[in-house]
Each structure stands twice: as C-alpha cells, then as structure tokens.
$ cat work-v1.txt   # compact mmCIF, C-alpha atoms
# COMPACT_ATOMS: atom_id res chain seq x y z
CA ALA Q 716 18.57 4.78 7.37
CA ARG Q 717 16.09 7.31 8.66
CA SER Q 718 12.32 7.22 8.35
CA GLY Q 719 11.37 10.08 6.02
CA ASN Q 720 14.69 9.98 4.15
CA ASN Q 721 14.47 6.56 2.51
CA GLY Q 722 16.50 6.38 -0.68
CA HIS Q 723 18.82 9.29 0.23
CA SER Q 724 22.45 8.66 1.14
CA TRP Q 725 23.92 10.32 4.22
CA TYR Q 726 26.33 12.16 1.89
CA ASN Q 727 23.47 13.72 -0.09
CA LEU Q 728 21.73 14.70 3.15
CA LEU Q 729 24.93 16.38 4.36
CA PHE Q 730 25.35 18.19 1.04
CA TRP Q 731 21.73 19.38 1.05
CA GLY Q 732 22.00 20.34 4.73
CA VAL Q 733 24.82 22.71 3.87
CA TYR Q 734 23.73 23.97 0.45
CA GLY Q 735 19.94 23.63 0.72
CA LEU Q 736 17.38 21.02 -0.30
CA PRO Q 737 16.68 20.88 -4.08
CA GLN Q 738 13.12 21.75 -5.08
CA ASN Q 739 12.50 18.29 -6.53
CA LYS Q 740 13.62 16.46 -3.36
CA GLU Q 741 11.86 15.74 -0.07
CA ALA Q 742 13.77 15.01 3.12
CA ASN Q 743 13.57 15.48 6.87
CA LEU Q 744 16.31 18.09 6.97
CA SER Q 745 17.10 21.54 8.37
CA SER Q 746 20.32 23.47 7.65
CA ILE Q 747 20.03 25.39 10.94
CA ARG Q 748 19.89 22.18 13.00
CA LEU Q 749 22.84 20.73 11.09
CA TYR Q 750 24.93 23.87 11.71
CA ASP Q 751 24.08 23.75 15.42
CA LEU Q 752 25.52 20.24 15.57
CA LEU Q 753 28.60 21.15 13.54
CA LYS Q 754 29.40 23.87 16.11
CA ASN Q 755 30.36 21.05 18.46
CA LEU Q 756 33.48 20.57 16.31
CA THR Q 757 34.73 23.98 17.51
CA LYS Q 758 34.12 23.21 21.19
CA MET Q 759 35.60 19.75 21.76
CA ASN Q 760 37.93 17.22 20.21
CA PHE Q 761 36.97 14.09 18.28
CA ASN Q 762 37.22 11.69 21.24
CA GLU Q 763 34.97 13.85 23.37
CA LEU Q 764 32.34 13.92 20.61
CA LYS Q 765 32.72 10.20 20.06
CA GLU Q 766 32.05 9.51 23.72
CA LEU Q 767 28.93 11.69 23.69
CA TYR Q 768 27.50 9.57 20.87
CA GLU Q 769 28.44 6.22 22.33
CA ASP Q 770 27.73 6.61 26.04
CA GLY Q 771 24.03 7.34 25.53
CA LYS Q 772 23.95 10.04 28.20
CA SER Q 773 23.93 13.14 26.02
CA GLY Q 774 21.56 14.71 23.53
CA LEU Q 775 23.59 13.08 20.76
CA SER Q 776 22.19 9.64 21.60
CA LEU Q 777 19.27 8.64 19.39
CA TYR Q 778 15.76 8.29 20.77
CA SER Q 779 14.53 5.05 19.15
CA PHE Q 780 15.03 2.65 16.28
CA ASN Q 781 13.14 -0.12 14.56
CA LYS Q 782 15.35 -3.19 14.15
CA TYR Q 783 14.43 -5.61 11.37
CA VAL Q 784 15.85 -9.13 11.76
CA LYS Q 785 15.99 -11.78 9.03
CA THR Q 786 17.87 -15.07 9.40
CA GLY Q 787 21.15 -15.06 7.50
CA GLU Q 788 21.10 -11.30 6.88
CA LYS Q 789 22.55 -8.32 8.67
CA PRO Q 790 19.95 -6.51 10.84
CA VAL Q 791 18.54 -3.27 9.45
CA TYR Q 792 18.00 -0.30 11.77
CA ILE Q 793 15.70 2.60 10.89
CA GLY Q 794 15.38 5.66 13.11
CA ILE Q 795 11.72 6.38 13.81
CA ASN Q 796 11.98 9.58 15.84
CA ASP Q 797 14.31 12.57 15.86
CA GLY Q 798 17.95 12.04 14.83
CA THR Q 799 18.59 12.68 11.12
CA HIS Q 800 21.11 15.46 11.70
CA ARG Q 801 22.93 13.63 14.46
CA ILE Q 802 23.31 10.55 12.24
CA ILE Q 803 24.76 12.74 9.45
CA LEU Q 804 27.32 14.25 11.86
CA ALA Q 805 28.19 10.76 13.16
CA LYS Q 806 28.89 9.61 9.59
CA VAL Q 807 31.04 12.71 8.94
CA LEU Q 808 33.06 12.00 12.10
CA GLY Q 809 33.37 8.26 11.43
CA ILE Q 810 31.62 7.29 14.66
CA ASN Q 811 31.50 3.49 15.02
CA TYR Q 812 28.03 3.34 16.56
CA VAL Q 813 25.38 5.47 18.23
CA THR Q 814 23.45 4.63 21.37
CA SER Q 815 19.67 4.42 21.23
CA LYS Q 816 17.29 4.82 24.15
CA LYS Q 817 14.80 2.32 22.67
CA VAL Q 818 14.92 -0.42 20.02
CA TYR Q 819 11.77 -2.10 18.70
CA VAL Q 820 12.62 -5.50 17.20
CA TYR Q 821 10.72 -6.96 14.23
CA GLU Q 822 11.58 -10.49 13.15
CA TYR Q 823 10.93 -11.58 9.57
CA ASN Q 824 7.98 -13.97 9.36
CA PRO Q 825 8.02 -15.94 6.06
CA GLU Q 826 4.41 -17.10 6.48
CA LYS Q 827 3.12 -13.56 6.94
CA HIS Q 828 5.24 -12.47 4.00
CA ARG Q 829 3.66 -15.18 1.83
CA ILE Q 830 0.15 -14.07 2.89
CA TYR Q 831 1.06 -10.46 2.09
CA GLU Q 832 2.39 -11.40 -1.36
CA ASP Q 833 -0.78 -13.44 -2.06
CA LEU Q 834 -2.91 -10.44 -1.08
CA ILE Q 835 -0.96 -8.03 -3.27
CA LEU Q 836 -1.09 -10.50 -6.18
CA ILE Q 837 -4.87 -10.90 -6.20
CA LEU Q 838 -5.41 -7.15 -5.73
CA GLU Q 839 -3.16 -6.44 -8.72
CA LYS Q 840 -4.95 -9.10 -10.80
CA LEU Q 841 -8.34 -7.59 -9.96
CA GLN Q 842 -7.19 -4.05 -10.67
CA SER Q 843 -5.65 -5.09 -13.97
CA PHE Q 844 -8.81 -6.97 -14.94
CA LEU Q 845 -11.07 -4.01 -14.13
CA LYS Q 846 -8.90 -1.63 -16.17
CA THR Q 847 -9.52 -3.62 -19.36
CA SER Q 848 -12.93 -5.14 -18.63
CA LYS Q 849 -15.78 -4.29 -21.00
CA ALA Q 850 -18.42 -5.40 -18.51
CA PHE Q 851 -17.24 -3.98 -15.19
CA LYS Q 852 -15.54 -0.91 -13.78
CA LEU Q 853 -14.60 0.05 -10.25
CA SER Q 854 -16.11 3.13 -8.62
CA ASP Q 855 -13.69 5.87 -7.60
CA ASP Q 856 -14.11 5.06 -3.90
CA GLY Q 857 -13.47 1.36 -4.54
CA GLU Q 858 -16.72 0.31 -2.86
CA PHE Q 859 -18.82 -0.64 -5.90
CA LEU Q 860 -18.51 -2.37 -9.23
CA LYS Q 861 -20.01 -0.26 -12.00
CA ILE Q 862 -21.65 -1.72 -15.07
CA ASN Q 863 -22.57 1.55 -16.74
CA ALA Q 864 -22.24 5.23 -15.94
CA LYS Q 865 -25.54 5.44 -14.06
CA THR Q 866 -25.62 2.18 -12.19
CA PHE Q 867 -23.61 1.33 -9.09
CA THR Q 868 -24.16 -2.18 -7.90
CA TYR Q 869 -22.62 -5.16 -6.11
CA MET Q 870 -21.64 -3.48 -2.88
CA GLY Q 871 -18.49 -4.56 -1.12
CA VAL Q 872 -15.02 -3.11 -0.71
CA LEU Q 873 -12.64 -4.83 -3.11
CA PHE Q 874 -9.63 -2.64 -2.52
CA GLU Q 875 -8.57 -0.95 0.66
CA ASP Q 876 -5.38 0.62 1.91
CA ILE Q 877 -3.21 -2.00 3.58
CA ASN Q 878 -1.84 -0.55 6.79
CA PRO Q 879 1.43 -2.39 7.60
CA TYR Q 880 0.77 -2.34 11.35
CA THR Q 881 -2.78 -3.66 10.95
CA PHE Q 882 -1.66 -6.32 8.49
CA ASN Q 883 1.19 -7.51 10.70
CA LYS Q 884 -1.16 -7.76 13.67
CA ASN Q 885 -3.95 -9.55 11.79
CA ALA Q 886 -2.09 -11.25 8.93
CA TYR Q 887 -3.76 -14.64 9.30
CA GLU Q 888 -7.22 -13.06 9.08
CA TYR Q 889 -6.40 -12.05 5.51
CA ILE Q 890 -6.26 -15.69 4.36
CA GLU Q 891 -10.05 -15.91 4.06
CA HIS Q 892 -10.17 -12.45 2.46
CA ILE Q 893 -7.69 -13.58 -0.20
CA GLU Q 894 -9.80 -16.67 -0.94
CA ILE Q 895 -12.89 -14.49 -1.36
CA LEU Q 896 -11.10 -12.08 -3.69
CA ASN Q 897 -9.83 -14.99 -5.78
CA LYS Q 898 -13.39 -16.29 -6.05
CA TYR Q 899 -14.66 -12.86 -7.15
CA TYR Q 900 -11.89 -12.60 -9.71
CA SER Q 901 -12.63 -16.03 -11.17
CA ILE Q 902 -16.38 -15.43 -11.46
CA LEU Q 903 -16.10 -11.88 -12.82
CA LYS Q 904 -13.61 -13.07 -15.41
CA GLU Q 905 -15.96 -15.91 -16.41
CA ILE Q 906 -18.85 -13.46 -16.82
CA GLU Q 907 -16.61 -11.12 -18.80
CA GLU Q 908 -15.64 -13.92 -21.20
CA ASP Q 909 -19.30 -14.94 -21.70
CA TYR Q 910 -20.28 -11.31 -22.30
CA ASN Q 911 -17.53 -10.82 -24.90
CA LYS Q 912 -18.30 -13.97 -26.90
CA GLN Q 913 -22.12 -13.67 -26.94
CA ILE Q 914 -24.25 -11.33 -29.04
CA ASN Q 915 -26.04 -8.81 -26.85
CA ILE Q 916 -29.62 -9.29 -28.07
CA TYR Q 917 -30.88 -6.70 -25.58
CA LYS Q 918 -29.55 -3.86 -27.71
CA TYR Q 919 -32.44 -4.49 -30.12
CA ILE Q 920 -35.05 -3.96 -27.38
CA PRO Q 921 -36.62 -0.45 -27.03
CA LYS Q 922 -35.00 1.72 -24.34
CA LYS Q 923 -38.21 2.13 -22.33
CA ILE Q 924 -38.55 -1.62 -21.95
CA LEU Q 925 -34.85 -1.91 -21.10
CA ASN Q 926 -35.23 0.75 -18.41
CA PHE Q 927 -38.07 -1.21 -16.87
CA MET Q 928 -36.11 -4.46 -17.10
CA SER Q 929 -33.07 -2.88 -15.43
CA LEU Q 930 -35.18 -1.61 -12.53
CA ALA Q 931 -37.02 -4.89 -12.13
CA HIS Q 932 -33.86 -6.94 -12.23
CA LYS Q 933 -32.69 -7.72 -8.70
CA ASP Q 934 -29.42 -6.24 -7.46
CA ILE Q 935 -26.81 -8.90 -6.86
CA TYR Q 936 -24.25 -8.38 -4.15
CA LEU Q 937 -20.68 -9.58 -4.42
CA GLU Q 938 -21.36 -12.24 -1.83
CA GLU Q 939 -24.06 -13.69 -4.10
CA ILE Q 940 -22.42 -13.72 -7.52
CA GLU Q 941 -21.37 -17.36 -7.25
CA ASP Q 942 -25.05 -18.38 -7.16
CA TYR Q 943 -26.33 -15.71 -9.56
CA LYS Q 944 -23.77 -15.67 -12.38
CA ASN Q 945 -26.40 -15.98 -15.12
CA ASN Q 946 -28.52 -13.23 -13.59
CA LEU Q 947 -25.49 -10.98 -13.36
CA LEU Q 948 -24.58 -11.63 -17.00
CA LYS Q 949 -28.16 -10.76 -17.99
CA LYS Q 950 -28.02 -7.52 -16.02
CA VAL Q 951 -24.69 -6.59 -17.61
CA LYS Q 952 -26.21 -7.07 -21.07
CA ILE Q 953 -29.28 -4.98 -20.22
CA LEU Q 954 -27.31 -2.09 -18.77
CA LYS Q 955 -24.74 -2.11 -21.56
CA ALA Q 956 -27.57 -2.08 -24.12
CA LEU Q 957 -28.96 1.05 -22.41
CA ASP Q 958 -25.63 2.79 -23.00
CA GLU Q 959 -25.59 2.04 -26.74
$ encode --input "work-v1.txt" --output "structure tokens"
Amino acid sequence: ARSGNNGHSWYNLLFWGVYGLPQNKEANLSSIRLYDLLKNLTKMNFNELKELYEDGKSGLSLYSFNKYVKTGEKPVYIGINDGTHRIILAKVLGINYVTSKKVYVYEYNPEKHRIYEDLILILEKLQSFLKTSKAFKLSDDGEFLKINAKTFTYMGVLFEDINPYTFNKNAYEYIEHIEILNKYYSILKEIEEDYNKQINIYKYIPKKILNFMSLAHKDIYLEEIEDYKNNLLKKVKILKALDE
C-alpha cells in the first residue's frame, strides 16, 4: 500500500502508469518516472535488480514506511514518502521484499480505539439530531447553535476536525469531551421533545414585544444549558415565534 494511492491495486497503477491516469481517478503516479525505472530491465538481469531492491544500498530501496501492528493479524506497511513507482516495478518483477531506510511502528491500542469510536458515535448522533431538529440548527462554521436565521447563540465548538496524530497523542483527554457532548445531546434532545409537544403561545404575542423579549432574554452558553433548560426552551419558543 502507498499513501496517496489507497484503494488502487498495484496492477491498476501499472496499467495507468503505462497508458495514462483516467480523468476520474486520482493517484500519485507519473508515466515518465515509471518508464525511467523500466529502463533498468534493459541494463541488467533479474538477479541484479533483485539485489538492488533487497540490499538497501541503491536508489531502489524505499525511504520510509509506517508499520501497523495488531495482535493476531499480519502487519500492514504503508509507504509514507517517495516509492510508488519502485513498488510497482518490484511487483512486476516478483521481488520478495524491499528494504526501507526507516520504519515507524504503530501498535493497535484497543482502549484508544474504543475512545475514538465513542467520539465518532456521539458526533454522528449530534449531527443527525441537528439535521432533523425543529428547534436547533448548527452554524456553517460549527461554532454556534442557531435557533432562527438571525440569532446565533450558545457558543462552543461542537464539531471539529479530528486529526489522527493529535487524537492518538491525546486520546485519553477526549474522554471528558465525549461525556460533555453526550450531556449536550441529552439536554438538547429533551428541549426538542418539550418544544414539539407544547403549543407555542408566544406566536400570538405582537412582534414588537417578542423582539424586546428576545433581546432581554439572557444568552445561555452550552456550558450552562444543564441549569437553564427551561430558559432555553422559552428562548427557542420566542425566537421561533418571531420567524412565523
């Protein structure tokens, strides 16, 4: 496997290296570089090429790999620097192995994996909830919950890109974050259910009064919603009534 070519077989990469990369495909590939390597077949015999790959002293050795280790499974190696074309030629020639200058080993950690799955699960639950919620929406930047088109409130980043390196380094710090997100989800869902089953009496109040009420009503931050659920429900009703 080669970083940048995930999902492509070495045979397809060879075929595209010779005949060109299809417009609907993306790969780390260059026909010129592949041809330069294939020229070696005209200069030396198979054993000579094989030795160049395996002794690690020539340009045919690979720079570095990530090695992923999981108990009971065969290790997985992924090239993380240059080497796509050399790997293709090695497969064509039937080379048994290639020599790498560096190997970075990553061992499977079931506890970190569980934390990661818990994080993904609550993020998916929150995103799914906000897609169908009548009371709340998420701002485009993911930093605010929106109640209506004009009002952004309840500051706090709910969703953020999960960098694998950062997560792996700080996995156990996400445990508290997951607990907080689960709390938000539970409370927001409770408010949503109350909003859906109650009649919104605020829609019968004149808009000018509603505007004043919405401005006077205190903003509630995500960190506070556990203590201010009723206030938040009231604000949702006021702001929704303004939209009607």
$ residues_around --input "work-v1.txt" --residues "Leu838 (chain Q)" --least-positions-apart "3" --cutoff "10 Å" --atoms "all atoms listed in the file" --output "number ranges by chain"
Q: 832-835, 841-844, 873-875, 893, 896-897, 900
$ write_last_selection --input "work-v1.txt" --atoms "C-alpha atoms" --output "PDB file, in the coordinates of the input"
ATOM      1  CA  GLU Q 832       2.390 -11.400  -1.360  1.00  0.00           C
ATOM      2  CA  ASP Q 833      -0.780 -13.440  -2.060  1.00  0.00           C
ATOM      3  CA  LEU Q 834      -2.910 -10.440  -1.080  1.00  0.00           C
ATOM      4  CA  ILE Q 835      -0.960  -8.030  -3.270  1.00  0.00           C
ATOM      5  CA  LEU Q 841      -8.340  -7.590  -9.960  1.00  0.00           C
ATOM      6  CA  GLN Q 842      -7.190  -4.050 -10.670  1.00  0.00           C
ATOM      7  CA  SER Q 843      -5.650  -5.090 -13.970  1.00  0.00           C
ATOM      8  CA  PHE Q 844      -8.810  -6.970 -14.940  1.00  0.00           C
ATOM      9  CA  LEU Q 873     -12.640  -4.830  -3.110  1.00  0.00           C
ATOM     10  CA  PHE Q 874      -9.630  -2.640  -2.520  1.00  0.00           C
ATOM     11  CA  GLU Q 875      -8.570  -0.950   0.660  1.00  0.00           C
ATOM     12  CA  ILE Q 893      -7.690 -13.580  -0.200  1.00  0.00           C
ATOM     13  CA  LEU Q 896     -11.100 -12.080  -3.690  1.00  0.00           C
ATOM     14  CA  ASN Q 897      -9.830 -14.990  -5.780  1.00  0.00           C
ATOM     15  CA  TYR Q 900     -11.890 -12.600  -9.710  1.00  0.00           C
TER      16      TYR Q 900
END
$ closest_residue --input "work-v1.txt" --among "Q:Lys817, Q:Lys923, Q:Lys806, Q:Lys740" --to "Gly771 (chain Q)" --atoms "all atoms listed in the file"
Q:Lys817
$ atom_distance --input "work-v1.txt" --atom1 "CA of Val807 (chain Q)" --atom2 "CA of Leu753 (chain Q)"
9.9 Å
$ residues_around --input "work-v1.txt" --residues "Ser929 (chain Q)" --least-positions-apart "6" --cutoff "10 Å" --atoms "all atoms listed in the file" --output "list in words"
Thr866, Lys923, Lys949, Lys950, Val951, Lys952, Ile953, Leu954 and Leu957 of chain Q
$ atom_distance --input "work-v1.txt" --atom1 "CA of Leu930 (chain Q)" --atom2 "CA of Leu903 (chain Q)"
21.7 Å
